[in-house]
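**Student:** For reference, the structure I am asking about is given below.
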Amino acid sequence: MPLSAAELSSLDEQGFVVLERLLDGVQIEAFERAIDGLRELALGDPQAKGAVTGTEHLPLDTGLAPAIDAGLLHARVLEAVTHVIGPRHQIKNVSYRSPRPGFGQQGLHADWTAPGVAGSYQVATVLVALVAFTASNGSTRVVPGSHRCGKLPPRLRANADRHPGEIRLTGPAGTAFVFNGHLWHSGTRNDSDAPRPAMLASFWRAHAFNPQPAS
């Protein structure tokens, strides 16, 4: 089903769109099994990566598991990405991120080093929730409309400081959140009693030069 006029308007004005339940429970379970195998293969000790930061990170590749392609390369996701950065783009930085309870807080940031300019946005970001994203389990926060302000996010006094305009992106397991990579955003602290896994990827606009993304 193509994106609606309201969904396209949300991408333009708010900087994000929420596409609910693109993956079902069977797909998510199959993906988690693939992650278990990747974790064992890549790390040996499943707890090795993320033991210090409290957030587990694993690099992924499209084609590793059907659910990766079904989520990150879903037709509705790609339509949203194309709407933000145009039809010529490439997928980058595909990964799995799972903050454990008490962890996951980040400072507000954008995914590009320069402010966004309408008509030439450079990056779109996709998150696919593997459990429900709630207001308390480390869901992503965004500042709606900040991709249009022509500025990079301010350096707040501490990672946990709230921006007065921020909201949380919430939705059931299997939901994809697609947002303009110039939108101010970050992970938040997981205050639940379970990990909050998601897969994510950046899509970059294809261009002749090679500006650097935000670190």
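Labeling convention for the structure tokens: chains A, B, ... as they appear, residues from 1 per chain, ligands from 1 in order of appearance.
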Set the distance at 7 Å and use only C-alpha atoms: which residues neighbour Ala201 in chain A once local chain neighbours fewer than 4 positions away are removed? I'd like the list as a ChimeraX atom specification.

**Tutor:** /A:91-95,125-127

**Student:** Quick one: residues within 7 Å of Arg168 in chain A, only C-alpha atoms counted, chain neighbours fewer than 5 positions away excluded, as a list in words?

**Tutor:**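 That gives Ala135, Ser139, Thr140, Arg141 and Val142 of chain A.
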
**Student:** Would you save the residues from that selection as a compact mmCIF listing (two decimals), in the first residue's frame, using N, CA and C atoms?

**Tutor:**
# COMPACT_ATOMS: atom_id res chain seq x y z
N ALA A 135 6.99 4.38 26.02
CA ALA A 135 7.55 5.62 26.56
C ALA A 135 8.61 5.36 27.62
N SER A 139 12.76 3.93 23.96
CA SER A 139 12.36 4.29 22.60
C SER A 139 13.09 5.55 22.16
N THR A 140 13.14 5.75 20.85
CA THR A 140 13.83 6.90 20.28
C THR A 140 13.04 8.18 20.51
N ARG A 141 13.74 9.24 20.89
CA ARG A 141 13.10 10.56 21.00
C ARG A 141 13.49 11.39 19.78
N VAL A 142 12.59 12.22 19.33
CA VAL A 142 12.84 13.12 18.21
C VAL A 142 12.29 14.49 18.56

**Student:** Which polymer residues have any atom within 8 Å of an atom of range 9-11 of chain A, counting only C-alpha atoms, with same-chain residues fewer than 4 positions away left out, as a VMD selection string?

**Tutor:** chain A and resid 5 15 to 17 80 84 179 to 180

**Student:** Find the residues near His182 in chain A: any atom within 8 Å, counting only C-alpha atoms, skip ones fewer than 3 places away on the same chain, and give them as number ranges by chain.

**Tutor:** A: 110-112, 115-116, 121-124, 146-147

**Student:** Could you dump the residues just selected with C-alpha atoms as a PDB file, in the first residue's frame?

**Tutor:**
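Result went into out_30.pdb, see below:
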ATOM      1  CA  ALA A 110      21.623  14.309  13.790  1.00  0.00           C
ATOM      2  CA  ASP A 111      22.998  11.683  11.417  1.00  0.00           C
ATOM      3  CA  TRP A 112      24.843  14.201   9.229  1.00  0.00           C
ATOM      4  CA  PRO A 115      22.174  21.052   8.737  1.00  0.00           C
ATOM      5  CA  GLY A 116      19.513  19.784   6.390  1.00  0.00           C
ATOM      6  CA  TYR A 121      18.616  16.099   2.402  1.00  0.00           C
ATOM      7  CA  GLN A 122      21.518  13.655   2.578  1.00  0.00           C
ATOM      8  CA  VAL A 123      20.392  10.847   4.859  1.00  0.00           C
ATOM      9  CA  ALA A 124      17.301   8.955   5.977  1.00  0.00           C
ATOM     10  CA  SER A 146      14.021  20.161  13.706  1.00  0.00           C
ATOM     11  CA  HIS A 147      15.276  18.954  10.301  1.00  0.00           C
TER      12      HIS A 147
END

**Student:** Just the number, please: distance in Å from CA of Ile68 in chain A to CA of Phe31 in chain A, one decimal.

**Tutor:**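 Computing the Euclidean distance for CA of Ile68 in chain A and CA of Phe31 in chain A yields 7.4 Å.
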
**Student:** I'd like the neighbourhood of Gly145 in chain A as a compact mmCIF listing (two decimals) with C-alpha atoms, in the first residue's frame, where a residue qualifies if any of its atoms comes within 9 Å (using only C-alpha atoms), though same-chain residues fewer than 6 positions away should be ignored.

**Tutor:**
# COMPACT_ATOMS: atom_id res chain seq x y z
CA ASP A 12 7.98 16.72 5.20
CA GLU A 13 6.72 18.69 8.19
CA GLN A 14 7.50 16.58 11.26
CA GLY A 15 10.49 14.74 9.79
CA PHE A 16 9.30 11.18 10.50
CA LEU A 183 16.09 15.39 12.43
CA TRP A 184 17.35 15.83 16.00

**Student:** Any chance you could list, as a PyMOL selection string, the residues in range 12-209 of chain A that come up helix (DSSP H, G or I) when DSSP is run on the backbone?

**Tutor:** chain A and resi 12-13+25-43+66-72+75-85+146-148

**Student:** I'd like the interatomic distance between CA of Gly102 in chain A and CA of Glu32 in chain A, to a tenth of an Å.

**Tutor:**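 CA of Gly102 in chain A sits 21.7 Å away from CA of Glu32 in chain A.
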
**Student:** Determine the nearest neighbour of Asp24 in chain A from the options A:Ala70, A:Ala118, A:Ala194, A:Val77, counting only C-alpha atoms.

**Tutor:**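 Closest to Asp24 in chain A of all the choices is A:Ala70.
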
**Student:** To one decimal in Å, tell me the separation between CA of Gly171 in chain A and CA of Glu20 in chain A.

**Tutor:**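 Atom-to-atom, CA of Gly171 in chain A and CA of Glu20 in chain A are spaced 6.7 Å apart.
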
**Student:** Using only C-alpha atoms, can you tell me which of A:Pro154, A:Thr175, A:Gly187, A:Gly119 comes closest to Ser136 in chain A?

**Tutor:**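 When distances to Ser136 in chain A are compared using only C-alpha atoms, the smallest one comes from A:Gly187.
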
**Student:** Using only C-alpha atoms, which residue out of A:Gly138, A:Pro66, A:Pro101, A:Pro87 lies closest to Thr170 in chain A?

**Tutor:**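 Residue with the minimum atom-to-atom distance to Thr170 in chain A: A:Gly138.
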
**Student:** Assign secondary structure with DSSP using the backbone only, and return the residues of range 100-157 of chain A in strand (DSSP E or B) as a list in words.

**Tutor:**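 The residues of range 100-157 of chain A classed as strand (DSSP E or B) are His109, Val123, Ala124, Thr125, Val126, Leu127, Val128, Ala129, Phe133, Asn137, Arg141 and Val142 of chain A.
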
**Student:** Name all residues at most 12 Å from His163 in chain A (count only C-alpha atoms; drop same-chain ones fewer than 4 positions away) and give them as a list in words.

**Tutor:** Gly107, Leu108, His109, Arg141, Val142, Val143, Pro144, Ser146, Pro153, Pro154, Arg155, Leu156, Arg157, Ala158, Asn159, Ile167, Arg168, Trp184, His185 and Ser186 of chain A

**Student:** Okay, now the selection with C-alpha atoms, as a PDB file, in the first residue's frame?

**Tutor:**
ATOM      1  CA  GLY A 107      22.570  12.980  23.625  1.00  0.00           C
ATOM      2  CA  LEU A 108      20.482  14.589  20.904  1.00  0.00           C
ATOM      3  CA  HIS A 109      22.208  14.373  17.534  1.00  0.00           C
ATOM      4  CA  ARG A 141      13.104  10.555  21.002  1.00  0.00           C
ATOM      5  CA  VAL A 142      12.843  13.124  18.215  1.00  0.00           C
ATOM      6  CA  VAL A 143      12.290  16.868  18.013  1.00  0.00           C
ATOM      7  CA  PRO A 144       9.578  17.224  15.337  1.00  0.00           C
ATOM      8  CA  SER A 146      14.021  20.161  13.706  1.00  0.00           C
ATOM      9  CA  PRO A 153      21.261  20.137  17.724  1.00  0.00           C
ATOM     10  CA  PRO A 154      22.464  22.017  20.792  1.00  0.00           C
ATOM     11  CA  ARG A 155      24.879  20.458  23.218  1.00  0.00           C
ATOM     12  CA  LEU A 156      22.735  19.873  26.282  1.00  0.00           C
ATOM     13  CA  ARG A 157      24.247  19.848  29.739  1.00  0.00           C
ATOM     14  CA  ALA A 158      23.809  16.106  30.059  1.00  0.00           C
ATOM     15  CA  ASN A 159      22.639  13.259  27.860  1.00  0.00           C
ATOM     16  CA  ILE A 167       8.505  13.343  21.729  1.00  0.00           C
ATOM     17  CA  ARG A 168       8.966   9.559  21.853  1.00  0.00           C
ATOM     18  CA  TRP A 184      17.348  15.832  16.000  1.00  0.00           C
ATOM     19  CA  HIS A 185      16.981  12.485  17.767  1.00  0.00           C
ATOM     20  CA  SER A 186      18.532  10.023  20.207  1.00  0.00           C
TER      21      SER A 186
END

**Student:** Between A:Leu72, A:Ile85, A:Val117, A:Ala132, single out the one closest to Met199 in chain A, counting only C-alpha atoms.

**Tutor:**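 Result for the nearest residue to Met199 in chain A: A:Leu72.
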
**Student:** Applying 8 Å and only C-alpha atoms, which residues near Arg88 in chain A remain after dropping the ones on its own chain fewer than 3 positions away? List them as a PyMOL selection string.

**Tutor:** chain A and resi 82+85+205-206

**Student:** Would you save the residues of that selection, restricted to N, CA and C atoms, as a PDB file, in the first residue's frame?

**Tutor:**
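Output below, filename again-v7.pdb:
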ATOM      1  N   THR A  82      12.882   7.259  -0.224  1.00  0.00           N
ATOM      2  CA  THR A  82      12.966   7.963  -1.507  1.00  0.00           C
ATOM      3  C   THR A  82      12.339   9.346  -1.415  1.00  0.00           C
ATOM      4  N   ILE A  85      15.198  11.498   0.451  1.00  0.00           N
ATOM      5  CA  ILE A  85      16.517  11.747  -0.155  1.00  0.00           C
ATOM      6  C   ILE A  85      16.579  11.453  -1.650  1.00  0.00           C
ATOM      7  N   ARG A 205      21.982   9.600   0.323  1.00  0.00           N
ATOM      8  CA  ARG A 205      21.773  10.081  -1.040  1.00  0.00           C
ATOM      9  C   ARG A 205      23.024   9.806  -1.871  1.00  0.00           C
ATOM     10  N   ALA A 206      22.855   9.323  -3.093  1.00  0.00           N
ATOM     11  CA  ALA A 206      23.982   9.114  -3.988  1.00  0.00           C
ATOM     12  C   ALA A 206      24.391  10.459  -4.574  1.00  0.00           C
TER      13      ALA A 206
END
